[in-house]
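Chemist: Just one file: structure-v8.txt, with compact mmCIF, C-alpha atoms.
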# COMPACT_ATOMS: atom_id res chain seq x y z
CA MET T 1 -26.09 119.99 115.55
CA THR T 2 -29.37 121.64 114.51
CA PHE T 3 -29.27 124.86 112.48
CA LYS T 4 -31.95 127.56 112.66
CA LYS T 5 -33.87 128.27 109.44
CA PRO T 6 -34.19 131.91 108.25
CA ILE T 7 -37.50 133.66 109.10
CA ALA T 8 -39.28 135.86 106.55
CA GLY T 9 -38.80 139.57 107.29
CA GLU T 10 -35.68 139.11 109.35
CA PRO T 11 -32.35 140.45 108.13
CA ALA T 12 -30.57 137.97 105.87
CA ASN T 13 -27.53 137.73 108.05
CA LEU T 14 -26.21 134.28 107.14
CA ILE T 15 -23.00 133.55 108.93
CA LEU T 16 -21.25 130.53 107.38
CA SER T 17 -19.71 129.03 110.44
CA GLU T 18 -17.21 126.19 110.25
CA SER T 19 -19.78 123.72 111.60
CA PHE T 20 -22.41 124.86 109.07
CA GLN T 21 -20.02 124.52 106.14
CA SER T 22 -18.94 121.02 107.27
CA ALA T 23 -22.57 119.90 107.59
CA LEU T 24 -23.37 121.31 104.15
CA VAL T 25 -20.47 119.44 102.56
CA ASP T 26 -21.57 116.20 104.26
CA VAL T 27 -25.11 116.57 102.87
CA VAL T 28 -23.88 117.27 99.33
CA ASN T 29 -21.52 114.28 99.39
CA ALA T 30 -24.24 111.99 100.73
CA HIS T 31 -26.63 113.19 98.02
CA GLN T 32 -24.08 112.50 95.27
CA ARG T 33 -23.54 109.00 96.61
CA GLY T 34 -27.30 108.41 96.45
CA GLU T 35 -27.61 107.83 100.16
CA LEU T 36 -30.45 110.35 100.45
CA THR T 37 -32.44 109.27 97.37
CA ARG T 38 -32.49 105.48 97.19
CA LYS T 39 -32.29 102.30 99.22
CA GLU T 40 -29.48 99.80 98.84
CA THR T 41 -31.75 97.15 97.32
CA GLU T 42 -33.25 99.43 94.69
CA ILE T 43 -32.11 99.21 91.09
CA ARG T 44 -29.67 101.88 89.99
CA LYS T 45 -31.06 104.43 87.58
CA ASP T 46 -27.86 105.34 85.73
CA HIS T 47 -28.88 103.39 82.59
CA VAL T 48 -32.62 103.99 82.68
CA VAL T 49 -34.89 104.31 79.64
CA THR T 50 -38.60 105.07 79.47
CA VAL T 51 -40.44 102.06 78.09
CA LYS T 52 -43.95 101.57 76.75
CA ASN T 53 -45.08 98.14 77.92
CA GLU T 54 -46.47 96.27 74.90
CA SER T 55 -45.72 92.78 76.24
CA GLY T 56 -49.39 91.91 76.64
CA ALA T 57 -49.27 91.82 80.44
CA ASP T 58 -48.41 93.95 83.45
CA VAL T 59 -44.77 93.85 84.52
CA LYS T 60 -43.66 93.86 88.13
CA SER T 61 -40.61 95.63 89.47
CA GLY T 62 -37.55 93.48 88.77
CA GLU T 63 -39.11 91.61 85.83
CA LEU T 64 -37.94 91.78 82.22
CA LEU T 65 -39.00 93.44 78.99
CA ALA T 66 -37.34 93.07 75.59
CA ILE T 67 -36.44 96.46 74.12
CA GLU T 68 -37.51 96.42 70.48
CA GLN T 69 -37.54 99.90 68.89
CA ASP T 70 -37.62 103.64 69.45
CA VAL T 71 -40.87 105.55 69.70
CA THR T 72 -39.86 108.52 67.53
CA PRO T 73 -41.03 111.90 68.86
CA PRO T 74 -42.60 114.28 66.32
CA ALA T 75 -39.80 116.88 66.07
CA TYR T 76 -36.08 116.54 65.43
CA ALA T 77 -35.16 118.59 68.48
CA ASP T 78 -37.28 116.35 70.66
CA THR T 79 -35.64 113.29 69.11
CA VAL T 80 -32.18 114.51 70.00
CA GLN T 81 -33.20 115.42 73.52
CA SER T 82 -35.00 112.10 74.03
CA PHE T 83 -32.02 110.11 72.79
CA VAL T 84 -29.50 111.96 74.92
CA GLN T 85 -31.44 112.24 78.15
CA ASN T 86 -34.20 109.65 78.42
CA PRO T 87 -34.96 107.57 75.30
CA LEU T 88 -38.53 106.34 74.87
CA VAL T 89 -38.67 102.74 73.53
CA ILE T 90 -41.06 99.83 73.07
CA GLY T 91 -40.87 96.93 75.51
CA ASN T 92 -42.20 93.56 74.30
CA ALA T 93 -42.43 90.14 75.94
CA VAL T 94 -39.12 88.28 76.28
CA THR T 95 -38.93 85.15 74.10
CA TRP T 96 -36.35 82.39 74.58
CA HIS T 97 -33.85 82.82 73.01
CA SER T 98 -34.61 85.18 70.10
CA ASN T 99 -34.49 88.50 71.99
CA ILE T 100 -32.75 87.78 75.30
CA GLY T 101 -29.87 90.02 74.23
CA TYR T 102 -32.09 93.10 74.46
CA VAL T 103 -33.61 92.74 77.92
CA ALA T 104 -34.07 95.53 80.43
CA VAL T 105 -35.30 95.30 84.03
CA ALA T 106 -38.36 97.26 85.17
CA THR T 107 -37.41 99.57 88.04
CA GLN T 108 -41.04 99.89 89.06
CA PRO T 109 -44.34 98.17 88.07
CA ILE T 110 -45.43 99.05 84.50
CA LEU T 111 -49.00 98.32 83.47
CA GLN T 112 -49.83 97.04 79.98
CA ASP T 113 -49.73 99.85 77.38
CA MET T 114 -48.39 102.30 79.98
CA LEU T 115 -45.01 104.02 80.27
CA GLY T 116 -42.44 103.26 82.93
CA PRO T 117 -38.69 103.15 83.65
CA CYS T 118 -36.41 100.19 82.81
CA SER T 119 -32.70 99.80 83.45
CA PHE T 120 -30.20 98.09 81.14
CA ARG T 121 -27.41 97.60 83.71
CA PRO T 122 -29.04 97.32 87.11
CA PHE T 123 -27.25 96.57 90.33
CA GLY T 124 -30.00 95.69 92.71
CA GLN T 125 -33.11 93.64 93.24
CA VAL T 126 -34.60 91.53 90.40
CA GLN T 127 -37.12 88.69 90.23
CA ALA T 128 -35.83 85.11 89.81
CA ASP T 129 -37.46 81.69 89.56
CA LEU T 130 -37.37 79.63 92.76
CA GLY T 131 -36.39 76.44 90.93
CA GLY T 132 -32.91 77.45 89.82
CA ALA T 133 -29.53 76.98 91.52
CA GLY T 134 -26.19 78.65 91.00
CA ASP T 135 -24.27 81.88 91.37
CA TRP T 136 -25.50 83.49 88.13
CA LEU T 137 -28.78 84.72 86.63
CA MET T 138 -29.97 83.71 83.16
CA VAL T 139 -33.25 84.43 81.39
CA ASN T 140 -35.74 81.74 82.41
CA PRO T 141 -36.57 79.73 79.22
CA THR T 142 -39.98 78.59 80.52
CA ASN T 143 -40.94 82.06 81.84
CA PRO T 144 -38.71 84.57 80.00
CA GLN T 145 -40.25 87.47 81.92
CA GLN T 146 -38.13 86.41 84.90
CA PHE T 147 -34.59 85.25 85.60
CA LYS T 148 -33.43 81.85 86.79
CA ARG T 149 -30.32 80.97 88.76
CA SER T 150 -27.73 78.78 87.05
CA THR T 151 -23.97 78.19 86.66
CA GLY T 152 -23.84 80.75 83.86
CA GLY T 153 -25.72 83.87 82.89
CA ILE T 154 -25.83 87.61 82.38
CA ALA T 155 -25.59 88.72 86.03
CA ARG T 156 -23.86 87.58 89.22
CA VAL T 157 -26.06 86.73 92.21
CA ILE T 158 -25.11 88.68 95.33
CA ALA T 159 -28.02 87.63 97.57
CA PHE T 160 -31.11 85.44 97.03
CA ASP T 161 -34.37 85.18 98.93
CA ALA T 162 -35.55 81.56 98.64
CA THR T 163 -39.08 82.54 99.72
CA THR T 164 -39.87 85.35 97.29
CA GLY T 165 -37.32 84.70 94.52
CA LYS T 166 -35.96 88.23 94.85
CA CYS T 167 -32.29 88.52 93.94
CA VAL T 168 -29.71 91.21 94.45
CA ALA T 169 -27.57 90.96 91.31
CA ASP T 170 -24.64 92.66 89.63
CA PHE T 171 -25.18 92.95 85.87
CA MET T 172 -21.70 94.31 85.34
CA GLU T 173 -20.41 90.73 85.63
CA GLN T 174 -21.33 87.89 83.24
CA GLN T 175 -20.50 84.20 82.84
CA PRO T 176 -21.18 83.18 79.20
CA LEU T 177 -19.75 79.62 79.20
CA TRP T 178 -22.21 76.71 78.74
CA ARG T 179 -22.16 73.09 77.62
CA PHE T 180 -24.32 71.47 74.92
CA VAL T 181 -25.27 68.06 73.48
CA LEU T 182 -26.57 67.94 69.92
CA LEU T 183 -30.07 66.53 69.34
CA ASP T 184 -29.62 66.42 65.52
CA ASP T 185 -26.76 66.55 63.05
CA VAL T 186 -25.39 70.01 62.29
CA GLN T 187 -26.90 71.38 59.06
CA ASN T 188 -26.12 74.68 57.39
CA LEU T 189 -23.77 75.45 60.32
CA LEU T 190 -26.65 75.25 62.83
CA GLY T 191 -27.41 72.50 65.34
CA VAL T 192 -30.36 72.00 67.70
CA ALA T 193 -29.00 71.01 71.10
CA ASN T 194 -29.74 70.63 74.78
CA LEU T 195 -28.09 73.53 76.63
CA LEU T 196 -26.40 72.23 79.79
CA ASP T 197 -25.08 74.16 82.75
CA LEU T 198 -21.52 73.46 83.87
CA ALA T 199 -22.83 70.81 86.27
CA GLY T 200 -24.31 68.86 83.34
CA ASN T 201 -27.98 69.68 84.00
CA VAL T 202 -30.25 70.46 81.03
CA TYR T 203 -31.24 74.13 81.13
CA ALA T 204 -33.07 74.60 77.80
CA THR T 205 -33.18 73.67 74.13
CA VAL T 206 -31.21 76.05 71.91
CA THR T 207 -29.82 76.44 68.40
CA VAL T 208 -26.01 76.47 68.42
CA ARG T 209 -24.00 78.16 65.66
CA PHE T 210 -20.94 76.38 64.21
CA THR T 211 -18.14 77.19 61.77
CA ASN T 212 -18.28 73.71 60.19
CA SER T 213 -20.98 71.05 59.82
CA THR T 214 -19.09 67.91 60.83
CA LYS T 215 -20.72 67.29 64.21
CA VAL T 216 -23.61 64.85 64.49
CA ALA T 217 -26.38 64.02 66.93
CA GLY T 218 -25.11 62.90 70.32
CA GLU T 219 -21.88 64.89 70.17
CA GLY T 220 -21.32 67.67 72.65
CA GLY T 221 -19.00 70.49 73.59
CA PHE T 222 -18.83 73.98 75.03
CA CYS T 223 -20.45 77.15 73.73
CA LEU T 224 -20.59 80.85 74.57
CA HIS T 225 -23.75 82.89 75.09
CA THR T 226 -23.42 85.88 72.73
CA GLY T 227 -26.48 88.10 72.92
CA ASN T 228 -29.35 86.19 71.29
CA HIS T 229 -27.08 83.34 70.15
CA PHE T 230 -25.00 80.44 71.42
CA ASP T 231 -21.73 79.90 69.52
CA ALA T 232 -19.85 76.61 69.70
CA ILE T 233 -16.22 76.75 70.85
CA GLU T 234 -14.24 74.89 68.18
CA ALA T 235 -10.54 74.14 67.97
CA ALA T 236 -8.77 76.58 65.69
CA ALA T 237 -7.04 73.72 63.84
CA THR T 238 -10.36 72.17 62.84
CA VAL T 239 -12.42 75.26 62.07
CA GLY T 240 -13.61 74.92 58.48
CA GLN T 241 -11.69 71.62 58.19
CA GLY T 242 -12.14 68.17 59.63
CA PRO T 243 -12.51 65.03 57.51
CA THR T 244 -15.78 64.75 55.61
CA PRO T 245 -17.54 61.60 56.87
CA ARG T 246 -17.52 58.79 54.28
CA PHE T 247 -17.38 55.01 54.29
CA ARG T 248 -16.53 52.13 51.99
CA PHE T 249 -19.35 49.69 51.41
CA ARG T 250 -20.45 46.46 49.76
CA LEU T 251 -23.95 46.63 48.35
CA LYS T 252 -26.48 44.34 49.98
CA THR T 253 -29.38 45.16 47.63
CA ASP T 254 -29.67 46.56 44.12
CA PHE T 255 -30.56 50.25 43.76
CA ASP T 256 -34.33 50.67 43.59
CA ASP T 257 -36.23 53.06 41.31
CA THR T 258 -35.57 55.97 43.69
CA GLY T 259 -31.82 55.34 43.70
CA GLN T 260 -31.62 53.85 47.21
CA ALA T 261 -29.93 50.64 48.32
CA ASP T 262 -28.76 48.99 51.53
CA ALA T 263 -25.03 48.51 51.98
CA TYR T 264 -22.66 46.75 54.39
CA VAL T 265 -20.06 49.01 56.07
CA LEU T 266 -16.47 47.89 55.35
CA ASP T 267 -14.45 50.80 56.79
CA VAL T 268 -14.91 54.47 57.60
CA PHE T 269 -13.29 57.87 57.22
CA GLY T 270 -14.23 60.62 59.67
CA ASN T 271 -17.22 60.35 61.99
CA VAL T 272 -19.68 57.79 60.57
CA THR T 273 -22.66 56.88 62.74
CA LEU T 274 -25.87 54.90 62.61
CA PRO T 275 -29.18 56.84 62.37
CA ASP T 276 -29.47 56.74 66.18
CA GLY T 277 -26.09 58.48 66.54
CA SER T 278 -24.11 55.44 67.73
CA PRO T 279 -20.79 54.54 66.04
CA VAL T 280 -20.95 52.01 63.20
CA GLN T 281 -19.38 48.55 63.41
CA LEU T 282 -17.98 46.36 60.65
CA GLY T 283 -20.88 44.81 58.75
CA ASP T 284 -23.52 47.31 59.90
CA ILE T 285 -26.06 48.27 57.25
CA LEU T 286 -26.63 51.86 56.07
CA THR T 287 -28.79 53.23 53.26
CA VAL T 288 -26.85 54.75 50.35
CA HIS T 289 -28.25 57.02 47.64
CA ASP T 290 -27.65 57.30 43.88
CA PRO T 291 -30.26 59.95 42.99
CA ARG T 292 -28.87 60.58 39.49
CA LYS T 293 -28.67 56.86 38.55
CA CYS T 294 -24.93 57.11 37.89
CA PHE T 295 -24.43 53.55 39.13
CA ALA T 296 -27.57 51.85 37.84
CA HIS T 297 -25.63 48.68 36.90
CA ALA T 298 -24.30 48.07 40.41
CA ILE T 299 -25.36 44.76 41.93
CA GLY T 300 -26.34 43.82 45.48
CA ALA T 301 -25.09 40.73 47.29
CA ASP T 302 -28.67 39.53 47.72
CA SER T 303 -28.96 39.16 43.93
CA LEU T 304 -25.90 36.89 43.86
CA ALA T 305 -26.83 34.52 46.66
CA LEU T 306 -27.06 31.49 44.33
CA ILE T 307 -23.49 31.69 43.07
CA GLN T 308 -21.52 33.05 46.03
CA GLY T 309 -18.84 30.78 47.42
CA ILE T 310 -19.14 28.05 44.79
CA ASP T 311 -15.86 29.00 43.10
CA PRO T 312 -12.89 30.78 44.81
CA PHE T 313 -13.04 33.34 42.02
CA PHE T 314 -16.53 34.33 43.15
CA PRO T 315 -16.31 35.40 46.82
CA ALA T 316 -19.07 37.22 48.66
CA GLY T 317 -20.57 39.40 45.97
CA GLY T 318 -21.93 42.93 45.89
CA SER T 319 -20.58 46.06 44.24
CA ILE T 320 -17.90 47.96 46.18
CA GLY T 321 -18.03 51.73 46.52
CA TYR T 322 -17.66 54.86 48.61
CA ALA T 323 -20.43 57.06 50.05
CA VAL T 324 -20.03 60.59 51.42
CA LYS T 325 -22.29 62.34 53.89
CA THR T 326 -24.22 65.21 52.27
CA ASN T 327 -26.38 67.88 53.90
CA GLN T 328 -29.21 69.95 52.49
CA LEU T 329 -28.45 73.45 51.23
CA LYS T 330 -31.36 75.87 51.29
CA ALA T 331 -31.82 78.84 49.01
CA ASN T 332 -33.67 80.46 51.91
CA PRO T 333 -33.37 79.50 55.61
CA SER T 334 -37.17 79.37 55.80
CA ASP T 335 -37.37 76.65 53.11
CA PRO T 336 -38.75 73.33 54.45
CA ASP T 337 -36.39 70.54 55.50
CA ASP T 338 -35.91 67.67 53.04
CA ASP T 339 -36.44 64.34 54.83
CA GLN T 340 -33.69 62.73 52.70
CA TYR T 341 -30.96 64.83 54.34
CA PRO T 342 -28.51 64.26 55.76
CA ARG T 343 -27.86 61.21 53.55
CA TRP T 344 -25.00 58.99 52.31
CA GLU T 345 -24.52 59.70 48.59
CA VAL T 346 -22.49 57.31 46.42
CA GLU T 347 -19.26 58.82 45.04
CA GLN T 348 -17.82 55.71 43.35
CA CYS T 349 -19.10 52.20 42.82
CA THR T 350 -18.19 49.15 40.79
CA GLN T 351 -20.78 47.77 38.36
CA VAL T 352 -21.63 44.54 36.56
CA ILE T 353 -19.21 43.16 33.94
CA ASN T 354 -20.17 44.26 30.43
CA ARG T 355 -17.76 42.04 28.44
CA LEU T 356 -17.06 38.32 28.90
CA ARG T 357 -14.80 35.90 27.04
CA VAL T 358 -16.86 32.73 26.42
CA MET T 359 -16.48 29.44 24.54
CA ILE T 360 -18.77 27.44 22.31
CA ASP T 361 -18.66 23.73 23.00
CA ARG T 362 -21.16 21.57 21.10
CA GLY T 363 -20.20 18.55 23.11
CA GLN T 364 -21.33 20.16 26.37
CA THR T 365 -24.09 22.53 25.41
CA GLY T 366 -25.52 21.22 22.16
CA GLU T 367 -26.68 24.79 21.51
CA MET T 368 -24.45 26.09 18.73
CA PRO T 369 -25.40 29.54 17.32
CA THR T 370 -26.89 29.06 13.84
CA GLY T 371 -26.37 32.59 12.56
CA GLU T 372 -30.03 33.45 12.69
CA LEU T 373 -31.00 36.93 14.00
CA ASN T 374 -32.13 37.29 17.62
CA GLU T 375 -31.46 33.72 18.59
CA THR T 376 -32.34 33.19 22.26
CA GLU T 377 -31.40 30.77 25.03
CA LYS T 378 -27.99 30.02 23.65
CA ARG T 379 -25.86 28.78 26.50
CA LEU T 380 -22.18 29.72 26.35
CA VAL T 381 -19.37 28.22 28.43
CA LEU T 382 -16.83 30.21 30.42
CA THR T 383 -13.87 29.76 32.72
CA PRO T 384 -14.22 32.18 35.66
CA ASP T 385 -10.60 33.29 35.98
CA GLU T 386 -10.29 33.90 32.21
CA ALA T 387 -13.74 35.26 31.39
CA VAL T 388 -13.61 38.88 32.54
CA VAL T 389 -12.31 41.25 29.83
CA SER T 390 -14.17 44.46 30.72
CA GLN T 391 -12.33 47.19 32.63
CA TRP T 392 -12.98 48.93 35.93
CA PRO T 393 -15.55 49.86 37.15
CA TYR T 394 -17.32 47.00 35.29
CA VAL T 395 -15.83 44.20 37.37
CA ASP T 396 -18.77 42.65 39.27
CA TYR T 397 -19.90 39.24 38.07
CA PRO T 398 -23.47 39.23 36.71
CA PRO T 399 -26.34 37.39 38.36
CA GLU T 400 -27.05 35.57 35.06
CA LEU T 401 -24.04 33.24 35.60
CA LEU T 402 -25.06 29.59 35.87
CA PRO T 403 -22.92 27.54 38.27
CA PRO T 404 -22.09 23.87 37.63
CA GLU T 405 -24.90 21.55 38.62
CA GLY T 406 -25.68 17.88 38.19
CA SER T 407 -23.62 16.35 35.40
CA ARG T 408 -22.66 19.80 34.05
CA THR T 409 -19.18 20.71 35.31
CA TYR T 410 -18.80 24.10 33.66
CA TRP T 411 -19.98 27.66 34.26
CA ALA T 412 -22.30 29.02 31.63
CA ILE T 413 -24.32 32.06 30.68
CA GLU T 414 -27.30 32.40 28.38
CA ALA T 415 -26.96 34.92 25.58
CA THR T 416 -28.92 36.35 22.65
CA ASN T 417 -27.37 36.15 19.17
CA ARG T 418 -28.55 39.59 18.06
CA THR T 419 -25.98 40.01 15.25
CA GLY T 420 -26.65 36.66 13.59
CA LEU T 421 -23.12 35.28 14.00
CA ALA T 422 -22.29 31.59 13.69
CA ARG T 423 -19.41 29.82 15.45
CA VAL T 424 -17.77 26.46 15.32
CA THR T 425 -16.97 24.21 18.25
CA GLY T 426 -14.27 25.70 20.46
CA GLY T 427 -14.71 29.21 19.12
CA ARG T 428 -14.45 32.18 21.45
Represent the structure of the file as structure tokens.

Modeler:
Amino acid sequence: MTFKKPIAGEPANLILSESFQSALVDVVNAHQRGELTRKETEIRKDHVVTVKNESGADVKSGELLAIEQDVTPPAYADTVQSFVQNPLVIGNAVTWHSNIGYVAVATQPILQDMLGPCSFRPFGQVQADLGGAGDWLMVNPTNPQQFKRSTGGIARVIAFDATTGKCVADFMEQQPLWRFVLLDDVQNLLGVANLLDLAGNVYATVTVRFTNSTKVAGEGGFCLHTGNHFDAIEAAATVGQGPTPRFRFRLKTDFDDTGQADAYVLDVFGNVTLPDGSPVQLGDILTVHDPRKCFAHAIGADSLALIQGIDPFFPAGGSIGYAVKTNQLKANPSDPDDDQYPRWEVEQCTQVINRLRVMIDRGQTGEMPTGELNETEKRLVLTPDEAVVSQWPYVDYPPELLPPEGSRTYWAIEATNRTGLARVTGGR
């Protein structure tokens, strides 16, 4: 039905008929539902802010800006009104993944340095990358100005145009669950990882936050997208716990001047891996550290090669100890990384014997001490299973031991008579 409009000068005799009132109610209801003011594919304006585009480029309708800060109006009254009705904020370029928690979608094109509307919770058409796949939209890590389809994200895909990349999306629904695989060991509760979708495809490289630092390169798990961060999902029983990785070793080499030595792995506690992230095997070699020279008198098996296996009392040599995995602690997160960390630092280690019981036998050595000061090259005789009188940790046999050879059937060691003592045959 068509109603006649009033004409100027005519009597204002408006008769509200039943049909007129019904039509008026229908128009008002349609207006409140938005049916007269917007199309179905347009972005809703119920969470719109006015944004100044300072991203460095023009932004198309449906693309993203990162909301950074308020543009404060000059007067308090204006500030209150702006905050309540239509806040004016700065919109910068979106950067993966430092500000993806503050994105808003442009509801119309906004030129660089110009003002325009953006919506925080749109339900409508946005721009997505053509290369993605999945039922959810996530910020595109290679082009953060746009979205990309995946198995997780901050909006559910309702419809997708494979030609233009336009998506109809519902930002009231989110799917924050992702997978990850660590690229480096966790340090200071942070780990650099490949972010995987639920199908196992690499989506981006991210920094994952942890509640403990026991995970190492190559390990994986699940994480949640939380604003600008990705937080690992860890079992409640192991949060802040878990065995500290350590292993028992036998030294292969002596410690050098920097406090480093190679060591054979004997057994492990916790998750001990080779530098490439693979699990260690019995006999594998790892580098251990003694930076404070606490175990300077430890001995490596390589230094005992001449006397190993000659007597049952002298098996494969090399000091025995334990090493624990240590990570760098920074006074400031911006401090540079120390190439030594993470490293295996020696906790305990045996060292070379410092007291031996020896015998003087003129008949065999012919080198009796005379009592003169600082006598050198005096060869003393010893019986291996009776010679060691020092206590732990000084239990490793010294490399100066001379095994039997030729016509000599005894073990010996050369000593210096610093105190000027004299002994008779058979003395100890």

Chemist: Work out how far CA of Leu189 in chain T is from CA of Val265 in chain T, in Å to one decimal.

Modeler: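 Interatomic distance here is 27.0 Å.
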
Chemist: So that I can see what lies close to Tyr410 in chain T, please list as JSON, numbers by chain the residues with an atom at most 9 Å from it, counting only C-alpha atoms and leaving out residues fewer than 3 positions away in the same chain.

Modeler: {"T": [364, 381, 382, 383, 402, 403, 404, 405]}

Chemist: Neighbouring residues of Pro144 in chain T were defined as those with any atom within 6 Å, considering all atoms listed in the file; residues of the same chain fewer than 2 positions away were excluded. Please report them as a list in words.

Modeler: Val94, Thr95, Val139, Asn140, Pro141 and Gln146 of chain T

Chemist: Using Å and a single decimal, report how far CA of Asp185 in chain T sits from CA of Thr207 in chain T.

Modeler: 11.7 Å

Chemist: Using all atoms listed in the file, tabulate the residues of range 161-274 of chain T lying at most 10 Å from any atom of range 283-299 of chain T, each with its closest atom pair and that distance in Å to one decimal, by chain and increasing residue number, as a Markdown table.

Modeler:
| residue | atom | partner | partner_atom | distance |
| --- | --- | --- | --- | --- |
| T:Phe247 | CA | T:Leu286 | CA | 9.9 |
| T:Phe249 | CA | T:Leu286 | CA | 8.9 |
| T:Arg250 | CA | T:Gly283 | CA | 9.2 |
| T:Leu251 | CA | T:Ile299 | CA | 6.8 |
| T:Lys252 | CA | T:Ile299 | CA | 8.1 |
| T:Thr253 | CA | T:Ile299 | CA | 7.0 |
| T:Asp254 | CA | T:Ile299 | CA | 5.2 |
| T:Phe255 | CA | T:Ala296 | CA | 6.8 |
| T:Asp256 | CA | T:Ala296 | CA | 9.0 |
| T:Asp257 | CA | T:Lys293 | CA | 8.9 |
| T:Thr258 | CA | T:Pro291 | CA | 6.7 |
| T:Gly259 | CA | T:Asp290 | CA | 4.6 |
| T:Gln260 | CA | T:His289 | CA | 4.6 |
| T:Ala261 | CA | T:Val288 | CA | 5.5 |
| T:Asp262 | CA | T:Thr287 | CA | 4.6 |
| T:Ala263 | CA | T:Ile285 | CA | 5.4 |
| T:Tyr264 | CA | T:Ile285 | CA | 4.7 |
| T:Val265 | CA | T:Gly283 | CA | 5.0 |
| T:Leu266 | CA | T:Gly283 | CA | 6.4 |
| T:Asp267 | CA | T:Gly283 | CA | 9.0 |
| T:Thr273 | CA | T:Leu286 | CA | 9.2 |
| T:Leu274 | CA | T:Leu286 | CA | 7.3 |

Chemist: Which centre and which edge lengths, in Å to one decimal, describe the axis-aligned box that holds all listed atoms of range 157-167 of chain T after 8 Å is added on each side, as JSON?

Modeler:
{"center_x": -32.5, "center_y": 85.1, "center_z": 96.0, "size_x": 30.8, "size_y": 23.1, "size_z": 23.5}

Chemist: CA of Val186 in chain T and CA of Glu219 in chain T are how many Å apart?

Modeler: 10.0 Å
